[in-house]
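Engineer: The structure's right below; bear with me while I get my questions together.
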Amino acid sequence: MEQHITITIDGREIQTQEGEFILNAARANGIFIPAICYLTRCSPTLACRICLVEADGKQVYACNAKAKAGMNVVTTTENILTERRAIMEVYDVNHPLECGVCDQSGECELQNYTLEIGVDSQSYSIKDTHKPAQDWGLIHYDPALCIVCERCVTVCKDMIGDAALKTVARGSDAIHGEYKANMPKDAYAMWNKLNKSLIGPSEGDVLDCTNCGECTAVCPVGALVSSDFQYRSNAWELRSIPATCAHCSAGCQLMYDVKHTSISNSDEMIYRVKNEWNYVSLCGAGRYGFDFENRVAGKDEAAFASALKAFKKADTIRFTSTITNEEALILRELKRLHGYKLINPEAKALQDFLGAYGTVSGQKLYRGDLKKVHESDFVVSIGSALKTDNPNARFAMNNAITMNKGAGLYFHPMSDPVIDGMSKNVLSIVHAPLMEEAALYLMLDLFAPKAQLPKAIADYLAGFHSTKTVTIEESVKEDVIEKVMVKKLNEATGVEEEVEEEKKKSVTKKVSKEVEVDENALLKLLSAPENFKESLDKLLAKKERFSLMVGPDLYTHPNSKNLARLCALVEKHTPFELVMIPSLSNSLGVALICPLDDAAGSYAIGYNTQGDFILSALGSGDLDMPSLNQQEGTLTSIDKRVNPTNAALAYHGYELNDIANALGLNAHYTIDYTPRLGEVEGYLALSFDALPNHFTNSGEEVRGYLLESLTCKAEGEEVAPIRLEAMEGPMLYLANPVLHFSPFTNAAHQLKSSGALYASDAFMQRYGVQEGDTVQITTPHGTLRVAVARDGKIEGEIPYLPTFDTNLNSEALFNGYRFSTASFQKV
């Protein structure tokens with residue numbers, strides 16, 4: 001249990017947690033200690049050494065020294081100031097004088113610290129070396145600007161989990177010997193490493209990662225930048241708009257950086273996205289998929305009139321979850337007024353799952369969140385392609401395992417080398433589709449005290465266990481007597497003679513032994529490794545904080561309601577905090593706000609999806625609508641937080657609110673519905689302008705508000721046995737590749753691509769296809785011809801089809817559940 005302690009920094013008493021790094025304690029209390037290499041939430045590297053302080057009279061590094069009760073810290077002494085000055089002089093040695101065109105100029109930490117510490121002359125020099133720039137696709141690396149702070153290496157390993165970067169050796173002249181004798185020792189040690197190193201890919205010459213771009217965000221100088229942003233704008237020309245990412249359900253805070261398009265075009269455009277990287281990490285979709293706006297010249301009155309006619313004719317509204325909470329509330333009100341059926345299959349699946357979960361838990365929402373996952377030391381994922389369903393959930397799992405000496409289990413039918421590469425302490429169980437029930441029953445079997453479970457469930461679990469007698473070999477030590485000849489002096493004759501003696505000797509023998517062992521049929525159903533139990537016992541050693549993340553594979557499963565009840569039992573009877581991963585940016589908000597229907601009527605309005613009359617923020621419908629980067633409103637995240645998002649760009653056309661007003665509702669702005677969210681259980685009646693959107697220096701998230709606890713009537717703890725058999729034969733999965741979530745990511749210019757059948761090397765070898773070949777896919781629900789694309793981040797023989805490319809209509813090949821049997825034929 002963490003304890004609050006009091007320490008003193010520069011004469012000021014502050015409260016912090018015992019064991020907290022001095023640097024974090026200072027930052028949380030508004031006390032400045034310079035630091036270049038350290039990242040909150042990651043391990044210290046001691047690369048810069050500029051955070052020197054004195055703690056109880058001893059010089060230490062604030063990023064690495066932990067607070068103790070009563071500790072007295074001094075942040076500046078004559079020696080510390082001398083070291084810091086020398087360190088900054090070293091960083092400035094041979095650093096290119098190109099600030100006028102550098103992309104980081106104006107927000108460069110090297111500039112800031114050089115000025116802060118007052119470096120106005122140079123005491124050191126060394127011959128420079130040629131360091132050519134490197135193009136890594138979405139990322140540009142200029143080693144001439146690199147100060148080898150290792151932030152990029154650290155965040156890639158400790159937070160993201162790719163470990164795609166490392167320090168590499170470079171040729172250079174040796175530092176002159178007189179510097180070692182004369183300059184401050186920490187500055188010399190830093191320089192000695194800096195002079196020998198650069199940053200490079202961990203494997204080969206090409207950066208092989210999931211393209212989150214977090215390395216560019218944390219880079220303090222202009223060494224790592226977005227290739228798209230390079231040389232396009234000065235930082236001080238940009239205006240930052242705080243918002244919430246519109247793509248997955250993580251609800252990441254970000255800033256859209258905007259300014260005019262050109263001298264001849266005053267319309268604003270988004271140039272890049274930034275994030276508060278000490279407290280939240282972005283995936284590549286959030287970082288690079290920012291310009292998905294729908295630009296229209298003005299209001300199309302004829303199209304609006306047609307829309308009103310269509311709404312008067314319609315009995316159904318189909319829509320996706322890439323809408324705000326306020327728009328969801330408008331749809332609910334339109335249903336109340338006009339009786340429209342509201343159809344949103346993925347949100348309905350989550351809604352039904354939450355409903356079934358509540359019948360056991362007595363709660364309408366799961367207890368956990370991603371912050372608790374970060375703080376865990378044992379994390380389990382079931383029913384989610386974690387890498388792509390919600391990258392921040394993957395980051396949280398990796399961060400927990402890396403920083404907390406943690407471990408984890410990953411249950412999924414598709415083998416994922418990115419998950420396996422997190423740590424040797426991640427155990428992947430590659431099971432057959434439809435076996436998710438077995439995974440949850442295994443969780444109860446492994447972690448729930450049987451005496452606490454309902455007797456029927458305990459008896460059912462006991463039925464999976466049997467004992468069998470096996471013969472094992474074990475090593476046994478025993479003493480044996482052997483006769484040896486030794487030389488001894490015959491005292492009578494005085495002559496040395498050989499005599500026989502008995503000598504006891506310990507020997508190890510292999511002996512066969514019959515033992516009874518427990519066999520668990522659940523492990524066989526899940527195709528778990530033979531040594532699963534032994535491996536698990538090692539992974540669980542000294543673990544105290546547990547999280548279970550479940551995902552969309554469960555919500556669309558034929559037995560989803562039983563799975564939901566099993567999830568509630570795991571949360572209720574084991575130490576695990578449960579987190580459910582919603583599919584899209586506002587799936588949870590839609591599920592909580594809208595009374596959704598199962599079946600559509602005869603004439604449907606489609607909002608960002610197919611319908612007889614289509615409202616589209618993608619510019620492909622009958623009436624244009626604004627995209628989420630053109631709207632004010634709120635989104636409900638995986639963490640059950642209602643986050644505000646602001647309009648980065650202007651929108652000149654009609655909005656859903658205009659249609660609603662014409663159909664009998666009355667609101668001047670869409671955000672007039674924000675306080676009316678208080679009519680929905682769990683939400684608060686707060687105005688949009690009252691919602692904060694920032695982090696404190698201590699990392700506290702002050703954004704919007706958390707949903708209030710929602711209770712419901714529990715109906716008991718009954719669950720059904722496993723009735724489905726594992727799917728067999730060739731399989732097809734419905735998922736998106738890294739960097740994509742929906743047609744909105746595909747509207748961004750850096751991410752635009754054509755959908756394909758994404759396949760592993762094993763699949764391509766089995767079917768004799770190469771990248772670019774066309775295959776015909778046949779499932780029980782349809783046929784599709786599509787090109788093949790290699791995905792080097794999956795293994796096994798299950799390929800997947802995406803949903804981001806609307807031209808494919810991939811969902812037509814599935815019947816709800818994300819897996820389907822399929823055949824593949826090269827065309």
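We label chains A, B, ... in the order they appear in the structure tokens, count residues from 1 in each chain, and number ligands from 1 in the order shown.
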For the structure I just gave you, how does DSSP split segment 576-621 of chain A - specifically, which residues are strand (DSSP E)? Reply as a PyMOL selection string.
Structural biologist: chain A and resi 576-580+604-607+613-616
Engineer: Restricted to N, CA and C atoms, what would the selected residues look like written as a PDB file, in the first residue's frame?
Structural biologist:
```
ATOM      1  N   PHE A 576      -9.609  -9.617 -10.371  1.00  0.00           N
ATOM      2  CA  PHE A 576      -9.469  -8.859 -11.606  1.00  0.00           C
ATOM      3  C   PHE A 576     -10.439  -7.687 -11.686  1.00  0.00           C
ATOM      4  N   GLU A 577      -9.889  -6.534 -12.106  1.00  0.00           N
ATOM      5  CA  GLU A 577     -10.698  -5.382 -12.496  1.00  0.00           C
ATOM      6  C   GLU A 577     -11.028  -5.550 -13.982  1.00  0.00           C
ATOM      7  N   LEU A 578     -12.295  -5.418 -14.337  1.00  0.00           N
ATOM      8  CA  LEU A 578     -12.748  -5.678 -15.702  1.00  0.00           C
ATOM      9  C   LEU A 578     -12.810  -4.396 -16.520  1.00  0.00           C
ATOM     10  N   VAL A 579     -12.298  -4.461 -17.753  1.00  0.00           N
ATOM     11  CA  VAL A 579     -12.398  -3.371 -18.714  1.00  0.00           C
ATOM     12  C   VAL A 579     -12.982  -3.933 -20.006  1.00  0.00           C
ATOM     13  N   MET A 580     -14.028  -3.289 -20.525  1.00  0.00           N
ATOM     14  CA  MET A 580     -14.583  -3.669 -21.818  1.00  0.00           C
ATOM     15  C   MET A 580     -14.115  -2.672 -22.867  1.00  0.00           C
ATOM     16  N   ALA A 604     -34.911   3.548 -44.698  1.00  0.00           N
ATOM     17  CA  ALA A 604     -33.931   3.946 -43.697  1.00  0.00           C
ATOM     18  C   ALA A 604     -33.142   5.174 -44.117  1.00  0.00           C
ATOM     19  N   ILE A 605     -32.943   6.073 -43.150  1.00  0.00           N
ATOM     20  CA  ILE A 605     -31.953   7.134 -43.266  1.00  0.00           C
ATOM     21  C   ILE A 605     -30.612   6.532 -42.828  1.00  0.00           C
ATOM     22  N   GLY A 606     -29.577   6.730 -43.591  1.00  0.00           N
ATOM     23  CA  GLY A 606     -28.248   6.273 -43.183  1.00  0.00           C
ATOM     24  C   GLY A 606     -27.400   7.455 -42.766  1.00  0.00           C
ATOM     25  N   TYR A 607     -26.854   7.417 -41.555  1.00  0.00           N
ATOM     26  CA  TYR A 607     -25.961   8.481 -41.097  1.00  0.00           C
ATOM     27  C   TYR A 607     -24.547   7.900 -41.021  1.00  0.00           C
ATOM     28  N   PHE A 613     -31.634   7.072 -47.895  1.00  0.00           N
ATOM     29  CA  PHE A 613     -31.177   8.460 -48.018  1.00  0.00           C
ATOM     30  C   PHE A 613     -30.015   8.600 -47.034  1.00  0.00           C
ATOM     31  N   ILE A 614     -28.884   9.148 -47.498  1.00  0.00           N
ATOM     32  CA  ILE A 614     -27.657   9.104 -46.696  1.00  0.00           C
ATOM     33  C   ILE A 614     -27.203  10.497 -46.269  1.00  0.00           C
ATOM     34  N   LEU A 615     -27.030  10.658 -44.960  1.00  0.00           N
ATOM     35  CA  LEU A 615     -26.331  11.810 -44.386  1.00  0.00           C
ATOM     36  C   LEU A 615     -24.882  11.383 -44.194  1.00  0.00           C
ATOM     37  N   SER A 616     -23.951  12.162 -44.703  1.00  0.00           N
ATOM     38  CA  SER A 616     -22.571  11.688 -44.660  1.00  0.00           C
ATOM     39  C   SER A 616     -21.586  12.803 -44.354  1.00  0.00           C
TER      40      SER A 616
END
```
Engineer: Set the distance at 9 Å and use only C-alpha atoms: which residues neighbour segment 720-728 of chain A once local chain neighbours fewer than 4 positions away are removed? I'd like the list as number ranges by chain.
Structural biologist: A: 431-435, 437-438, 441, 457, 460, 525, 558-559, 562, 819-821
Engineer: Which neighbours of Ile343 of chain A fall inside 10 Å, counting only C-alpha atoms, when residues of the same chain fewer than 3 positions from it are skipped, and could you give them as a compact mmCIF listing (two decimals) with N, CA, C and O atoms, in the first residue's frame?
Structural biologist:
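The result, stored in part.txt:
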```txt
# COMPACT_ATOMS: atom_id res chain seq x y z
N THR A 316 -36.76 4.29 -40.06
CA THR A 316 -35.52 3.76 -39.48
C THR A 316 -34.38 4.76 -39.69
O THR A 316 -34.31 5.42 -40.73
N ILE A 317 -33.50 4.85 -38.71
CA ILE A 317 -32.24 5.60 -38.86
C ILE A 317 -31.10 4.63 -38.56
O ILE A 317 -31.00 4.10 -37.44
N ARG A 318 -30.29 4.39 -39.58
CA ARG A 318 -29.07 3.60 -39.39
C ARG A 318 -27.91 4.57 -39.16
O ARG A 318 -27.82 5.59 -39.85
N PHE A 319 -27.03 4.25 -38.25
CA PHE A 319 -25.91 5.16 -38.00
C PHE A 319 -24.74 4.42 -37.38
O PHE A 319 -24.89 3.31 -36.86
N THR A 320 -23.57 5.04 -37.45
CA THR A 320 -22.37 4.47 -36.82
C THR A 320 -22.10 5.21 -35.52
O THR A 320 -22.77 6.19 -35.19
N TYR A 340 -38.85 6.47 -34.82
CA TYR A 340 -37.84 5.83 -35.68
C TYR A 340 -37.20 4.64 -34.97
O TYR A 340 -36.94 4.68 -33.76
N GLU A 346 -23.02 -2.53 -34.07
CA GLU A 346 -21.89 -2.73 -33.15
C GLU A 346 -22.19 -2.13 -31.78
O GLU A 346 -21.81 -2.71 -30.75
N ALA A 347 -22.89 -1.00 -31.72
CA ALA A 347 -23.25 -0.43 -30.43
C ALA A 347 -24.33 -1.27 -29.74
O ALA A 347 -24.35 -1.40 -28.51
N LYS A 348 -25.24 -1.85 -30.53
CA LYS A 348 -26.28 -2.71 -29.96
C LYS A 348 -25.67 -3.95 -29.34
O LYS A 348 -26.10 -4.41 -28.27
N CYS A 594 -28.77 5.77 -26.50
CA CYS A 594 -29.80 5.46 -27.50
C CYS A 594 -30.52 4.15 -27.20
O CYS A 594 -29.87 3.12 -26.96
N PRO A 595 -31.86 4.14 -27.25
CA PRO A 595 -32.60 2.87 -27.22
C PRO A 595 -32.53 2.23 -28.61
O PRO A 595 -33.26 2.62 -29.53
N LEU A 596 -31.64 1.28 -28.77
CA LEU A 596 -31.35 0.71 -30.08
C LEU A 596 -32.27 -0.46 -30.39
O LEU A 596 -32.72 -1.17 -29.49
N ASP A 597 -32.52 -0.66 -31.67
CA ASP A 597 -33.42 -1.72 -32.11
C ASP A 597 -32.63 -2.81 -32.84
O ASP A 597 -31.52 -2.59 -33.34
N ASP A 598 -33.24 -4.00 -32.91
CA ASP A 598 -32.60 -5.13 -33.59
C ASP A 598 -32.88 -5.14 -35.07
O ASP A 598 -32.00 -5.43 -35.88
N ALA A 599 -34.11 -4.83 -35.46
CA ALA A 599 -34.51 -4.96 -36.86
C ALA A 599 -34.93 -3.61 -37.43
O ALA A 599 -35.58 -2.80 -36.76
N ALA A 600 -34.52 -3.38 -38.67
CA ALA A 600 -34.86 -2.13 -39.37
C ALA A 600 -36.25 -2.23 -39.99
O ALA A 600 -36.81 -3.32 -40.14
N GLY A 601 -36.77 -1.07 -40.34
CA GLY A 601 -38.04 -1.02 -41.03
C GLY A 601 -37.86 -1.06 -42.55
O GLY A 601 -36.88 -1.61 -43.05
N ALA A 604 -34.91 3.55 -44.70
CA ALA A 604 -33.93 3.95 -43.70
C ALA A 604 -33.14 5.17 -44.12
O ALA A 604 -32.71 5.29 -45.27
N ILE A 605 -32.94 6.07 -43.15
CA ILE A 605 -31.95 7.13 -43.27
C ILE A 605 -30.61 6.53 -42.83
O ILE A 605 -30.53 5.87 -41.78
N GLY A 606 -29.58 6.73 -43.59
CA GLY A 606 -28.25 6.27 -43.18
C GLY A 606 -27.40 7.46 -42.77
O GLY A 606 -27.27 8.43 -43.52
```
Engineer: For Glu655 of chain A, which residue among A:Arg766, A:Arg84, A:Lys299, A:Lys335 is the nearest when counting only C-alpha atoms?
Structural biologist: A:Lys299
Engineer: Have a look at A:Arg12, A:His260, A:His140, A:Lys157 and name the one nearest to Thr402 of chain A; count only C-alpha atoms.
Structural biologist: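 The answer is A:Lys157, which sits nearest to Thr402 of chain A.
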Engineer: Between A:Ile263, A:Ala690, A:Cys146, A:Cys248, which is the closest to Ser637 of chain A once you count only C-alpha atoms?
Structural biologist: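 Of A:Ile263, A:Ala690, A:Cys146, A:Cys248, the one nearest Ser637 of chain A, counting only C-alpha atoms, is A:Cys248.
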Engineer: If you take only C-alpha atoms and a cut-off of 12 Å, which residues of segment 155-215 of chain A touch segment 384-387 of chain A, and what are their nearest atom pairs and distances in Å to one decimal, in chain and number order, as a Markdown table?
Structural biologist:
```
| residue | atom | partner | partner_atom | distance |
| --- | --- | --- | --- | --- |
| A:Ile160 | CA | A:Lys387 | CA | 10.2 |
| A:Gly161 | CA | A:Lys387 | CA | 10.2 |
| A:Asp162 | CA | A:Lys387 | CA | 10.7 |
| A:Cys209 | CA | A:Lys387 | CA | 11.6 |
| A:Thr210 | CA | A:Lys387 | CA | 8.8 |
| A:Asn211 | CA | A:Lys387 | CA | 11.7 |
| A:Cys212 | CA | A:Lys387 | CA | 11.2 |
```
Engineer: Out of segment 22-196 of chain A, which residues get helix (DSSP H, G or I) from DSSP, as a compact mmCIF listing (two decimals) with N, CA and C atoms, in the first residue's frame?
Structural biologist:
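For reference, selection-v3.txt as written:
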```
# COMPACT_ATOMS: atom_id res chain seq x y z
N ILE A 22 12.05 11.74 -7.12
CA ILE A 22 12.11 13.13 -6.67
C ILE A 22 11.63 14.06 -7.77
N LEU A 23 12.01 13.77 -9.02
CA LEU A 23 11.62 14.63 -10.14
C LEU A 23 10.11 14.71 -10.27
N ASN A 24 9.42 13.57 -10.19
CA ASN A 24 7.96 13.57 -10.30
C ASN A 24 7.31 14.29 -9.13
N ALA A 25 7.87 14.10 -7.94
CA ALA A 25 7.34 14.79 -6.76
C ALA A 25 7.46 16.30 -6.93
N ALA A 26 8.60 16.74 -7.45
CA ALA A 26 8.81 18.18 -7.67
C ALA A 26 7.84 18.71 -8.72
N ARG A 27 7.72 18.00 -9.83
CA ARG A 27 6.82 18.45 -10.90
C ARG A 27 5.39 18.57 -10.42
N ALA A 28 4.95 17.58 -9.65
CA ALA A 28 3.57 17.57 -9.17
C ALA A 28 3.28 18.75 -8.27
N GLU A 78 26.39 25.24 -6.08
CA GLU A 78 27.41 25.72 -7.01
C GLU A 78 27.89 24.61 -7.92
N ASN A 79 28.10 23.41 -7.35
CA ASN A 79 28.58 22.29 -8.16
C ASN A 79 27.52 21.84 -9.16
N ILE A 80 26.25 21.80 -8.74
CA ILE A 80 25.17 21.38 -9.64
C ILE A 80 25.04 22.35 -10.79
N LEU A 81 25.09 23.65 -10.51
CA LEU A 81 24.99 24.64 -11.57
C LEU A 81 26.15 24.54 -12.56
N THR A 82 27.33 24.23 -12.04
CA THR A 82 28.50 24.05 -12.92
C THR A 82 28.30 22.85 -13.84
N GLU A 83 27.79 21.74 -13.26
CA GLU A 83 27.53 20.54 -14.06
C GLU A 83 26.48 20.83 -15.14
N ARG A 84 25.39 21.49 -14.75
CA ARG A 84 24.32 21.74 -15.71
C ARG A 84 24.81 22.63 -16.85
N ARG A 85 25.59 23.62 -16.52
CA ARG A 85 26.12 24.51 -17.55
C ARG A 85 27.01 23.72 -18.52
N ALA A 86 27.87 22.87 -17.97
CA ALA A 86 28.76 22.08 -18.82
C ALA A 86 27.97 21.09 -19.68
N ILE A 87 26.93 20.49 -19.12
CA ILE A 87 26.11 19.55 -19.88
C ILE A 87 25.46 20.26 -21.06
N MET A 88 24.90 21.44 -20.83
CA MET A 88 24.26 22.16 -21.93
C MET A 88 25.28 22.63 -22.96
N GLU A 89 26.47 22.99 -22.55
CA GLU A 89 27.50 23.34 -23.52
C GLU A 89 27.84 22.14 -24.40
N VAL A 90 27.92 20.97 -23.79
CA VAL A 90 28.21 19.75 -24.55
C VAL A 90 27.09 19.46 -25.56
N TYR A 91 25.83 19.60 -25.12
CA TYR A 91 24.72 19.38 -26.05
C TYR A 91 24.79 20.34 -27.24
N ASP A 92 25.31 21.54 -27.00
CA ASP A 92 25.38 22.53 -28.07
C ASP A 92 26.59 22.35 -28.98
N GLU A 109 13.48 22.01 -26.74
CA GLU A 109 13.99 21.99 -25.38
C GLU A 109 15.47 22.33 -25.32
N LEU A 110 16.20 22.06 -26.39
CA LEU A 110 17.60 22.46 -26.42
C LEU A 110 17.71 23.99 -26.42
N GLN A 111 16.88 24.64 -27.20
CA GLN A 111 16.83 26.10 -27.16
C GLN A 111 16.45 26.59 -25.77
N ASN A 112 15.39 26.00 -25.22
CA ASN A 112 14.86 26.45 -23.93
C ASN A 112 15.90 26.32 -22.81
N TYR A 113 16.54 25.15 -22.72
CA TYR A 113 17.50 24.94 -21.64
C TYR A 113 18.79 25.72 -21.85
N THR A 114 19.19 25.91 -23.09
CA THR A 114 20.37 26.73 -23.36
C THR A 114 20.15 28.14 -22.83
N LEU A 115 18.93 28.67 -23.05
CA LEU A 115 18.60 30.00 -22.55
C LEU A 115 18.38 29.99 -21.04
N GLU A 116 17.68 28.98 -20.53
CA GLU A 116 17.37 28.90 -19.11
C GLU A 116 18.65 28.85 -18.27
N PRO A 143 19.98 12.60 -37.87
CA PRO A 143 20.91 12.34 -36.77
C PRO A 143 21.81 13.51 -36.43
N ALA A 144 21.98 14.45 -37.38
CA ALA A 144 22.79 15.62 -37.08
C ALA A 144 22.16 16.47 -35.98
N LEU A 145 20.84 16.40 -35.86
CA LEU A 145 20.12 17.16 -34.84
C LEU A 145 19.91 16.36 -33.55
N ARG A 151 14.89 9.36 -25.34
CA ARG A 151 13.44 9.35 -25.09
C ARG A 151 12.72 8.44 -26.08
N CYS A 152 13.09 8.52 -27.34
CA CYS A 152 12.40 7.73 -28.36
C CYS A 152 12.57 6.24 -28.09
N VAL A 153 13.77 5.84 -27.70
CA VAL A 153 14.04 4.43 -27.37
C VAL A 153 13.19 4.01 -26.18
N THR A 154 13.15 4.87 -25.18
CA THR A 154 12.44 4.55 -23.94
C THR A 154 10.94 4.43 -24.14
N VAL A 155 10.35 5.41 -24.84
CA VAL A 155 8.89 5.37 -25.02
C VAL A 155 8.48 4.20 -25.90
N CYS A 156 9.31 3.87 -26.88
CA CYS A 156 8.99 2.75 -27.78
C CYS A 156 9.01 1.43 -27.03
N LYS A 157 9.91 1.32 -26.07
CA LYS A 157 10.02 0.07 -25.29
C LYS A 157 9.04 0.03 -24.12
N ASP A 158 9.07 1.07 -23.30
CA ASP A 158 8.33 1.03 -22.04
C ASP A 158 6.85 1.34 -22.18
N MET A 159 6.48 2.14 -23.18
CA MET A 159 5.08 2.51 -23.33
C MET A 159 4.42 1.78 -24.50
N ILE A 160 4.98 1.91 -25.68
CA ILE A 160 4.32 1.40 -26.87
C ILE A 160 4.46 -0.12 -26.98
N GLY A 177 41.89 13.99 -24.15
CA GLY A 177 42.11 13.54 -22.79
C GLY A 177 42.05 14.62 -21.74
N GLU A 178 42.41 15.86 -22.09
CA GLU A 178 42.42 16.93 -21.10
C GLU A 178 41.01 17.27 -20.61
N TYR A 179 39.99 16.99 -21.45
CA TYR A 179 38.63 17.25 -21.01
C TYR A 179 38.24 16.35 -19.84
N LYS A 180 38.66 15.10 -19.91
CA LYS A 180 38.34 14.16 -18.82
C LYS A 180 38.91 14.64 -17.50
N ALA A 181 40.08 15.23 -17.58
CA ALA A 181 40.74 15.68 -16.36
C ALA A 181 40.15 16.98 -15.83
N ASN A 182 39.66 17.83 -16.74
CA ASN A 182 39.33 19.19 -16.34
C ASN A 182 37.84 19.50 -16.25
N LYS A 185 32.54 15.94 -14.05
CA LYS A 185 32.52 14.51 -14.37
C LYS A 185 31.21 14.04 -15.00
N ASP A 186 30.08 14.55 -14.56
CA ASP A 186 28.82 14.12 -15.17
C ASP A 186 28.70 14.62 -16.60
N ALA A 187 29.16 15.83 -16.83
CA ALA A 187 29.14 16.36 -18.19
C ALA A 187 30.05 15.54 -19.10
N TYR A 188 31.20 15.15 -18.58
CA TYR A 188 32.10 14.33 -19.40
C TYR A 188 31.48 12.96 -19.69
N ALA A 189 30.89 12.33 -18.68
CA ALA A 189 30.28 11.02 -18.89
C ALA A 189 29.17 11.09 -19.93
N MET A 190 28.35 12.14 -19.85
CA MET A 190 27.28 12.32 -20.83
C MET A 190 27.85 12.51 -22.24
N TRP A 191 28.89 13.34 -22.35
CA TRP A 191 29.51 13.62 -23.64
C TRP A 191 30.15 12.37 -24.23
N ASN A 192 30.80 11.61 -23.39
CA ASN A 192 31.48 10.40 -23.86
C ASN A 192 30.51 9.44 -24.53
N LYS A 193 29.31 9.32 -23.96
CA LYS A 193 28.29 8.45 -24.56
C LYS A 193 27.69 9.10 -25.80
N LEU A 194 27.38 10.38 -25.70
CA LEU A 194 26.80 11.10 -26.82
C LEU A 194 27.70 11.05 -28.05
```
